[in-house]
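In what follows, a structure is listed as structure tokens, so that the remarks can point back to it.
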Amino acid sequence: MRTLLQRALLSLSLLTCIASAQAATDDILSHRCMTVAPEASERTRIDERLMSFLRERHARGLATARSPGSVTVPVWFHVINQGSGAANGDVPQSQIDDQITVLNAAYASTPFRFVLAGVDRTTNAAWFAMTPGSTAESQAKKALRQGGAETLNLYSANPSGGLLGWATFPSDYSRAPTQDGVVVLYSSVPGGGAAPYDEGDTGTHEIGHWLGLYHTFQGGCTASGDQVSDTPSERSAAYGCPTGRDSCRRKAGLDPITNFMDYTDDACMNQFTSGQVARMDQMHLQYRSN
């Protein structure tokens with residue numbers, strides 16, 4: 001059980017991260033995820049640009065949907081640690097391989113197949129403790145990043161406050177290509193020990209953002225929500241595995257607590273909707289495909 005001091009430090013750390021990340025007004029950020037979505041007006045513009053892109057492809061006779069497993073995503077896994085051994089964040093190769101296996105199982109219904117392109121290991125205490133928007137994050141990514149928009153750069157570190165991870169969106173790439181990628185708590189990989197978040201689905205969740213998805217509770221019970229029509233509306237993030245939760249009683253459907261884009265425990269998460277799969281495919285086509 002956390003002491004009062006630990007809880008206070010956690011709250012202060014999360015508030016600092018939220019402030020530095022300039023969270024959108026309808027974001028719900030927590031230790032589960034610090035990925036900051038654009039404001040509602042910018043999300044609308046992103047969708048307008050997406051619709052224009054899809055219309056153009058259709059007019060040219062080009063596909064706007066790809067079959068499951070047809071897109072290979074190269075993954076560079078950057079292990080940032082403060083010394084040798086798993087306790088210092090030096091994630092073993094076996095857990096990296098297991099993380100790739102978890103990703104391919106989670107994304108089996110999508111076009112994406114993740115293939116490990118390389119692993120590097122860096123001992124740097126400051127980078128190991130990076131937080132969203134920090135100088136340490138910027139330095140680490142500039143030094144380590146590999147490939148272009150199509151390459152998933154996955155960084156393992158030990159951000160403060162018990163934070164599990166964060167990611168950039170596809171539409172962010174052209175503005176800040178060196179910062180593109182996903183950061184996860186080193187112990188959130190399969191068998192990493194950060195129970196109940198050590199089955200690898202922090203990676204699954206953050207890569208969903210990297211492919212263009214918002215949280216299922218984005219926008220609360222409003223009509224636009226997470227911009228995906230087949231995810232039931234959800235007023236706020238769910239934690240644990242609250243079966244039967246219904247936070248938007250005037251909207252159809254129970255809360256999507258088993259969706260990878262909620263905040264529930266890893267063991268509770270097991271699905272993307274067909275609408276989410278389509279959105280990831282389309283956003284990848286627009287921003288991450290040659």
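Ligands are numbered from 1 in the order shown, residues from 1 within each chain, and chains are lettered A, B, ... in the order they appear in the structure tokens.
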
Env of Gln179 of chain A: 10 Å cut, atoms = only C-alpha atoms, seq-sep filter 3 positions within chain, self excluded. Answer as a CSV table (one decimal) with N, CA and C atoms, in the first residue's frame.
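The file below, out.csv, is the result:
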chain,number,residue,atom,x,y,z
A,133,GLY,N,7.4,15.1,-23.0
A,133,GLY,CA,7.8,16.4,-23.3
A,133,GLY,C,9.1,16.9,-22.6
A,137,GLU,N,13.5,13.0,-23.0
A,137,GLU,CA,12.8,12.3,-24.0
A,137,GLU,C,13.3,12.8,-25.4
A,138,SER,N,13.4,14.1,-25.6
A,138,SER,CA,13.9,14.6,-26.9
A,138,SER,C,15.3,14.2,-27.2
A,139,GLN,N,16.2,14.2,-26.3
A,139,GLN,CA,17.5,13.8,-26.5
A,139,GLN,C,17.6,12.3,-26.8
A,140,ALA,N,16.9,11.5,-26.1
A,140,ALA,CA,17.0,10.0,-26.3
A,140,ALA,C,16.4,9.7,-27.7
A,141,LYS,N,15.3,10.3,-28.1
A,141,LYS,CA,14.7,9.9,-29.4
A,141,LYS,C,15.6,10.4,-30.5
A,142,LYS,N,16.1,11.6,-30.4
A,142,LYS,CA,17.0,12.1,-31.5
A,142,LYS,C,18.2,11.3,-31.7
A,145,ARG,N,16.5,7.1,-32.6
A,145,ARG,CA,15.5,6.8,-33.6
A,145,ARG,C,16.0,6.2,-34.9
A,153,ASN,N,9.3,2.9,-33.5
A,153,ASN,CA,10.4,3.0,-32.6
A,153,ASN,C,9.8,2.9,-31.2
A,167,ALA,N,2.5,8.0,-26.5
A,167,ALA,CA,2.8,7.8,-27.9
A,167,ALA,C,2.6,9.1,-28.7
A,168,THR,N,3.1,9.1,-29.9
A,168,THR,CA,2.7,10.2,-30.8
A,168,THR,C,1.7,9.7,-31.8
A,172,ASP,N,1.2,13.7,-36.3
A,172,ASP,CA,2.3,14.5,-35.7
A,172,ASP,C,3.6,14.3,-36.4
A,173,TYR,N,3.7,13.3,-37.3
A,173,TYR,CA,5.0,13.0,-37.8
A,173,TYR,C,5.7,14.1,-38.6
A,175,ARG,N,5.5,17.2,-38.4
A,175,ARG,CA,5.8,18.3,-37.6
A,175,ARG,C,7.1,18.0,-36.7
A,176,ALA,N,7.2,16.8,-36.3
A,176,ALA,CA,8.3,16.4,-35.4
A,176,ALA,C,8.7,15.0,-35.6
A,182,VAL,N,6.8,5.4,-29.5
A,182,VAL,CA,6.1,4.9,-28.4
A,182,VAL,C,7.1,4.7,-27.2

At a cut-off of 12 Å, using only C-alpha atoms, what residues contact Gly203 of chain A? Leave out same-chain residues fewer than 6 positions from it and give the result as a ChimeraX atom specification. /A:32-33,75,77,96,98-104,106-107,114,152-156,164-167,181-190,197,209-210,260-261,266

Nearest-residue call for Thr25 of chain A, choices A:Gly118, A:Gln82, A:Leu163, A:Gly220, using only C-alpha atoms: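 Closest to Thr25 of chain A, using only C-alpha atoms: A:Gly220.
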
With only C-alpha atoms as the atoms that count, which of A:Asp97, A:Glu48, A:Asp27, A:Glu206 lies nearest to Gly191 of chain A? A:Asp97

Report as a PyMOL selection string: the residues of segment 113-285 of chain A with a DSSP assignment of strand (DSSP E or B), based on the backbone of this structure. chain A and resi 113-123+152-157+165-167+182-185+259+271

Within segment 22-244 of chain A, find each residue whose DSSP state, derived from the backbone, is alpha helix (DSSP H), and express the selection as a PDB file with C-alpha atoms, in the first residue's frame.
ATOM      1  CA  ALA A  40     -11.682  18.638 -30.496  1.00  0.00           C
ATOM      2  CA  SER A  41     -11.420  21.269 -33.231  1.00  0.00           C
ATOM      3  CA  GLU A  42      -8.098  19.844 -34.450  1.00  0.00           C
ATOM      4  CA  ARG A  43      -9.490  16.297 -34.332  1.00  0.00           C
ATOM      5  CA  THR A  44     -12.259  17.500 -36.642  1.00  0.00           C
ATOM      6  CA  ARG A  45      -9.674  18.932 -39.048  1.00  0.00           C
ATOM      7  CA  ILE A  46      -7.701  15.683 -38.959  1.00  0.00           C
ATOM      8  CA  ASP A  47     -10.843  13.762 -39.896  1.00  0.00           C
ATOM      9  CA  GLU A  48     -11.656  16.229 -42.677  1.00  0.00           C
ATOM     10  CA  ARG A  49      -8.169  15.740 -44.118  1.00  0.00           C
ATOM     11  CA  LEU A  50      -8.621  11.972 -43.820  1.00  0.00           C
ATOM     12  CA  MET A  51     -11.924  12.059 -45.702  1.00  0.00           C
ATOM     13  CA  SER A  52     -10.305  14.152 -48.440  1.00  0.00           C
ATOM     14  CA  PHE A  53      -7.420  11.675 -48.653  1.00  0.00           C
ATOM     15  CA  LEU A  54      -9.795   8.713 -48.939  1.00  0.00           C
ATOM     16  CA  ARG A  55     -11.893  10.443 -51.613  1.00  0.00           C
ATOM     17  CA  GLU A  56      -8.750  11.109 -53.622  1.00  0.00           C
ATOM     18  CA  ARG A  57      -7.640   7.490 -53.389  1.00  0.00           C
ATOM     19  CA  HIS A  58     -11.098   6.296 -54.435  1.00  0.00           C
ATOM     20  CA  ALA A  59     -11.076   8.677 -57.419  1.00  0.00           C
ATOM     21  CA  GLN A  93      15.615 -10.404 -25.270  1.00  0.00           C
ATOM     22  CA  SER A  94      13.059 -13.032 -24.232  1.00  0.00           C
ATOM     23  CA  GLN A  95      10.666 -10.340 -22.981  1.00  0.00           C
ATOM     24  CA  ILE A  96      11.186  -8.274 -26.133  1.00  0.00           C
ATOM     25  CA  ASP A  97      10.291 -11.314 -28.232  1.00  0.00           C
ATOM     26  CA  ASP A  98       7.237 -11.927 -26.040  1.00  0.00           C
ATOM     27  CA  GLN A  99       6.153  -8.297 -26.508  1.00  0.00           C
ATOM     28  CA  ILE A 100       6.228  -8.724 -30.295  1.00  0.00           C
ATOM     29  CA  THR A 101       4.175 -11.910 -29.927  1.00  0.00           C
ATOM     30  CA  VAL A 102       1.585 -10.074 -27.800  1.00  0.00           C
ATOM     31  CA  LEU A 103       1.340  -7.288 -30.379  1.00  0.00           C
ATOM     32  CA  ASN A 104       0.786  -9.692 -33.252  1.00  0.00           C
ATOM     33  CA  ALA A 105      -1.931 -11.504 -31.312  1.00  0.00           C
ATOM     34  CA  ALA A 106      -3.679  -8.239 -30.379  1.00  0.00           C
ATOM     35  CA  ALA A 125      20.035   7.360 -15.997  1.00  0.00           C
ATOM     36  CA  ALA A 126      18.521  10.645 -17.198  1.00  0.00           C
ATOM     37  CA  TRP A 127      16.952   9.091 -20.291  1.00  0.00           C
ATOM     38  CA  PHE A 128      15.769   6.131 -18.201  1.00  0.00           C
ATOM     39  CA  THR A 135      14.508  17.251 -22.526  1.00  0.00           C
ATOM     40  CA  ALA A 136      15.548  13.686 -21.730  1.00  0.00           C
ATOM     41  CA  GLU A 137      12.831  12.301 -24.037  1.00  0.00           C
ATOM     42  CA  SER A 138      13.863  14.619 -26.868  1.00  0.00           C
ATOM     43  CA  GLN A 139      17.543  13.772 -26.498  1.00  0.00           C
ATOM     44  CA  ALA A 140      16.968  10.028 -26.320  1.00  0.00           C
ATOM     45  CA  LYS A 141      14.719   9.943 -29.367  1.00  0.00           C
ATOM     46  CA  LYS A 142      16.996  12.134 -31.477  1.00  0.00           C
ATOM     47  CA  ALA A 143      19.955   9.903 -30.638  1.00  0.00           C
ATOM     48  CA  LEU A 144      18.289   6.511 -31.038  1.00  0.00           C
ATOM     49  CA  ASP A 201      -0.879  -4.410 -23.464  1.00  0.00           C
ATOM     50  CA  THR A 202       0.582  -1.042 -22.554  1.00  0.00           C
ATOM     51  CA  GLY A 203       2.448  -1.534 -25.821  1.00  0.00           C
ATOM     52  CA  THR A 204      -0.776  -2.584 -27.565  1.00  0.00           C
ATOM     53  CA  HIS A 205      -2.609   0.501 -26.250  1.00  0.00           C
ATOM     54  CA  GLU A 206       0.106   3.016 -27.097  1.00  0.00           C
ATOM     55  CA  ILE A 207       0.632   1.588 -30.579  1.00  0.00           C
ATOM     56  CA  GLY A 208      -3.100   2.082 -31.113  1.00  0.00           C
ATOM     57  CA  HIS A 209      -2.427   5.799 -30.622  1.00  0.00           C
ATOM     58  CA  TRP A 210       0.619   5.590 -32.924  1.00  0.00           C
TER      59      TRP A 210
END

Could you please determine the separation between atom CA of Met269 of chain A and atom CA of Pro256 of chain A in Å, to one decimal place?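 If I compute the distance from atom CA of Met269 of chain A to atom CA of Pro256 of chain A, I get 9.4 Å.
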
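Comparing A:Ser171, A:Gly89, A:Pro177, A:Thr110 by their smallest distance to Pro159 of chain A, the closest is A:Gly89 (using only C-alpha atoms).
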
Name all residues at most 9 Å from Asp226 of chain A (count only C-alpha atoms; drop same-chain ones fewer than 6 positions away) and give them as a short mmCIF file (atom, residue, chain, number, x, y, z; two decimals) with N, CA, C and O atoms, in the first residue's frame.
data_model
loop_
_atom_site.label_atom_id
_atom_site.label_comp_id
_atom_site.auth_asym_id
_atom_site.auth_seq_id
_atom_site.Cartn_x
_atom_site.Cartn_y
_atom_site.Cartn_z
N LEU A 213 -5.59 6.00 -33.21
CA LEU A 213 -6.77 5.87 -32.36
C LEU A 213 -6.70 6.79 -31.15
O LEU A 213 -5.62 7.05 -30.61
N TYR A 214 -7.87 7.24 -30.69
CA TYR A 214 -8.00 7.97 -29.44
C TYR A 214 -8.51 7.00 -28.37
O TYR A 214 -8.88 5.86 -28.66
N HIS A 215 -8.58 7.48 -27.14
CA HIS A 215 -9.16 6.67 -26.07
C HIS A 215 -10.65 6.45 -26.32
O HIS A 215 -11.32 7.31 -26.91
N THR A 216 -11.16 5.34 -25.86
CA THR A 216 -12.60 5.06 -26.04
C THR A 216 -13.46 6.10 -25.34
O THR A 216 -14.61 6.33 -25.73
N PHE A 217 -12.92 6.72 -24.28
CA PHE A 217 -13.67 7.71 -23.52
C PHE A 217 -13.39 9.14 -23.97
O PHE A 217 -13.86 10.09 -23.34
N GLN A 218 -12.65 9.32 -25.07
CA GLN A 218 -12.37 10.66 -25.57
C GLN A 218 -13.68 11.38 -25.86
O GLN A 218 -14.56 10.86 -26.53
N GLY A 219 -13.83 12.58 -25.34
CA GLY A 219 -15.05 13.34 -25.58
C GLY A 219 -16.22 12.93 -24.72
O GLY A 219 -17.32 13.50 -24.85
N GLY A 220 -16.03 11.95 -23.84
CA GLY A 220 -17.12 11.54 -22.96
C GLY A 220 -18.32 11.00 -23.71
O GLY A 220 -18.18 10.19 -24.62
N SER A 233 -20.23 4.86 -26.41
CA SER A 233 -19.80 6.05 -25.68
C SER A 233 -19.45 5.70 -24.24
O SER A 233 -20.05 4.81 -23.63
#

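Coordinates place atom CA of Thr273 of chain A at a distance of 15.4 Å from atom CA of Ala252 of chain A.
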
Residue among A:Ser134, A:Asn158, A:Ser174, A:Ser109 lying closest to Gln271 of chain A, counting only C-alpha atoms: A:Ser109

I want to know what sits within 9 Å of Gln276 of chain A, based on only C-alpha atoms, with residues of the same chain fewer than 2 positions away left out; could you give that as a VMD selection string? chain A and resid 208 212 to 213 228 to 231 272 to 274 278 to 281

Can I get the selected residues back with all heavy atoms, as a CSV table (one decimal), in the first residue's frame?
chain,number,residue,atom,x,y,z
A,208,GLY,N,-1.8,1.6,-30.6
A,208,GLY,CA,-3.1,2.1,-31.1
A,208,GLY,C,-3.1,3.6,-31.4
A,208,GLY,O,-3.6,4.1,-32.4
A,212,GLY,N,-3.3,6.0,-34.8
A,212,GLY,CA,-4.3,7.0,-35.0
A,212,GLY,C,-5.6,6.9,-34.2
A,212,GLY,O,-6.5,7.7,-34.4
A,213,LEU,N,-5.6,6.0,-33.2
A,213,LEU,CA,-6.8,5.9,-32.4
A,213,LEU,C,-6.7,6.8,-31.2
A,213,LEU,O,-5.6,7.1,-30.6
A,213,LEU,CB,-6.9,4.4,-31.9
A,213,LEU,CG,-7.2,3.3,-32.9
A,213,LEU,CD1,-7.3,2.0,-32.2
A,213,LEU,CD2,-8.3,3.7,-33.8
A,228,VAL,N,-14.9,7.1,-33.7
A,228,VAL,CA,-15.1,5.7,-34.3
A,228,VAL,C,-16.6,5.4,-33.9
A,228,VAL,O,-17.0,5.4,-32.8
A,228,VAL,CB,-14.2,4.7,-33.7
A,228,VAL,CG1,-14.5,3.3,-34.2
A,228,VAL,CG2,-12.7,5.1,-34.1
A,229,SER,N,-17.4,5.0,-34.9
A,229,SER,CA,-18.8,4.9,-34.7
A,229,SER,C,-19.2,3.6,-34.0
A,229,SER,O,-20.3,3.6,-33.4
A,229,SER,CB,-19.5,4.9,-36.1
A,229,SER,OG,-19.1,3.8,-36.9
A,230,ASP,N,-18.4,2.6,-34.0
A,230,ASP,CA,-18.8,1.3,-33.3
A,230,ASP,C,-18.2,1.1,-31.9
A,230,ASP,O,-18.3,0.0,-31.4
A,230,ASP,CB,-18.6,0.1,-34.2
A,230,ASP,CG,-17.2,-0.1,-34.6
A,230,ASP,OD1,-16.3,0.7,-34.2
A,230,ASP,OD2,-16.9,-1.1,-35.2
A,231,THR,N,-17.6,2.1,-31.3
A,231,THR,CA,-17.2,2.0,-29.9
A,231,THR,C,-18.3,2.7,-29.1
A,231,THR,O,-18.5,3.9,-29.3
A,231,THR,CB,-15.8,2.6,-29.7
A,231,THR,OG1,-15.8,4.0,-30.1
A,231,THR,CG2,-14.8,1.8,-30.4
A,272,PHE,N,-10.1,-4.8,-30.5
A,272,PHE,CA,-10.4,-3.6,-31.3
A,272,PHE,C,-11.7,-3.8,-32.0
A,272,PHE,O,-12.0,-4.9,-32.5
A,272,PHE,CB,-9.3,-3.3,-32.3
A,272,PHE,CG,-7.9,-2.9,-31.7
A,272,PHE,CD1,-6.8,-3.8,-31.8
A,272,PHE,CD2,-7.7,-1.7,-31.1
A,272,PHE,CE1,-5.6,-3.4,-31.3
A,272,PHE,CE2,-6.5,-1.3,-30.6
A,272,PHE,CZ,-5.4,-2.2,-30.7
A,273,THR,N,-12.4,-2.8,-32.3
A,273,THR,CA,-13.7,-2.9,-33.1
A,273,THR,C,-13.3,-2.8,-34.6
A,273,THR,O,-12.2,-2.4,-34.9
A,273,THR,CB,-14.7,-1.8,-32.8
A,273,THR,OG1,-14.1,-0.5,-33.2
A,273,THR,CG2,-15.0,-1.7,-31.3
A,274,SER,N,-14.2,-3.2,-35.4
A,274,SER,CA,-14.0,-3.1,-36.9
A,274,SER,C,-13.8,-1.7,-37.3
A,274,SER,O,-13.0,-1.4,-38.2
A,274,SER,CB,-15.1,-3.8,-37.6
A,274,SER,OG,-16.3,-3.1,-37.3
A,278,ALA,N,-10.5,-0.1,-39.2
A,278,ALA,CA,-10.5,0.7,-40.4
A,278,ALA,C,-9.8,2.0,-40.2
A,278,ALA,O,-9.1,2.5,-41.1
A,278,ALA,CB,-12.0,0.9,-40.8
A,279,ARG,N,-10.0,2.6,-39.1
A,279,ARG,CA,-9.4,3.9,-38.8
A,279,ARG,C,-7.8,3.8,-38.8
A,279,ARG,O,-7.1,4.6,-39.4
A,279,ARG,CB,-9.8,4.6,-37.5
A,279,ARG,CG,-9.2,5.9,-37.3
A,279,ARG,CD,-9.8,6.6,-36.0
A,279,ARG,NE,-9.2,7.9,-35.8
A,279,ARG,CZ,-9.6,9.0,-36.4
A,279,ARG,NH1,-10.6,9.0,-37.2
A,279,ARG,NH2,-9.0,10.2,-36.1
A,280,MET,N,-7.3,2.8,-38.1
A,280,MET,CA,-5.9,2.6,-38.1
A,280,MET,C,-5.3,2.3,-39.5
A,280,MET,O,-4.3,2.9,-39.8
A,280,MET,CB,-5.5,1.4,-37.2
A,280,MET,CG,-5.7,1.7,-35.7
A,280,MET,SD,-5.1,0.3,-34.6
A,280,MET,CE,-6.3,-0.9,-34.8
A,281,ASP,N,-6.0,1.5,-40.2
A,281,ASP,CA,-5.6,1.2,-41.6
A,281,ASP,C,-5.5,2.5,-42.4
A,281,ASP,O,-4.6,2.8,-43.1
A,281,ASP,CB,-6.6,0.2,-42.2
A,281,ASP,CG,-6.1,-0.3,-43.6
A,281,ASP,OD1,-4.9,-0.1,-44.0
A,281,ASP,OD2,-6.9,-0.9,-44.3

In Å, how far is it from atom CA of Glu199 of chain A to atom CA of Glu150 of chain A?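 The value is 25.2 Å.
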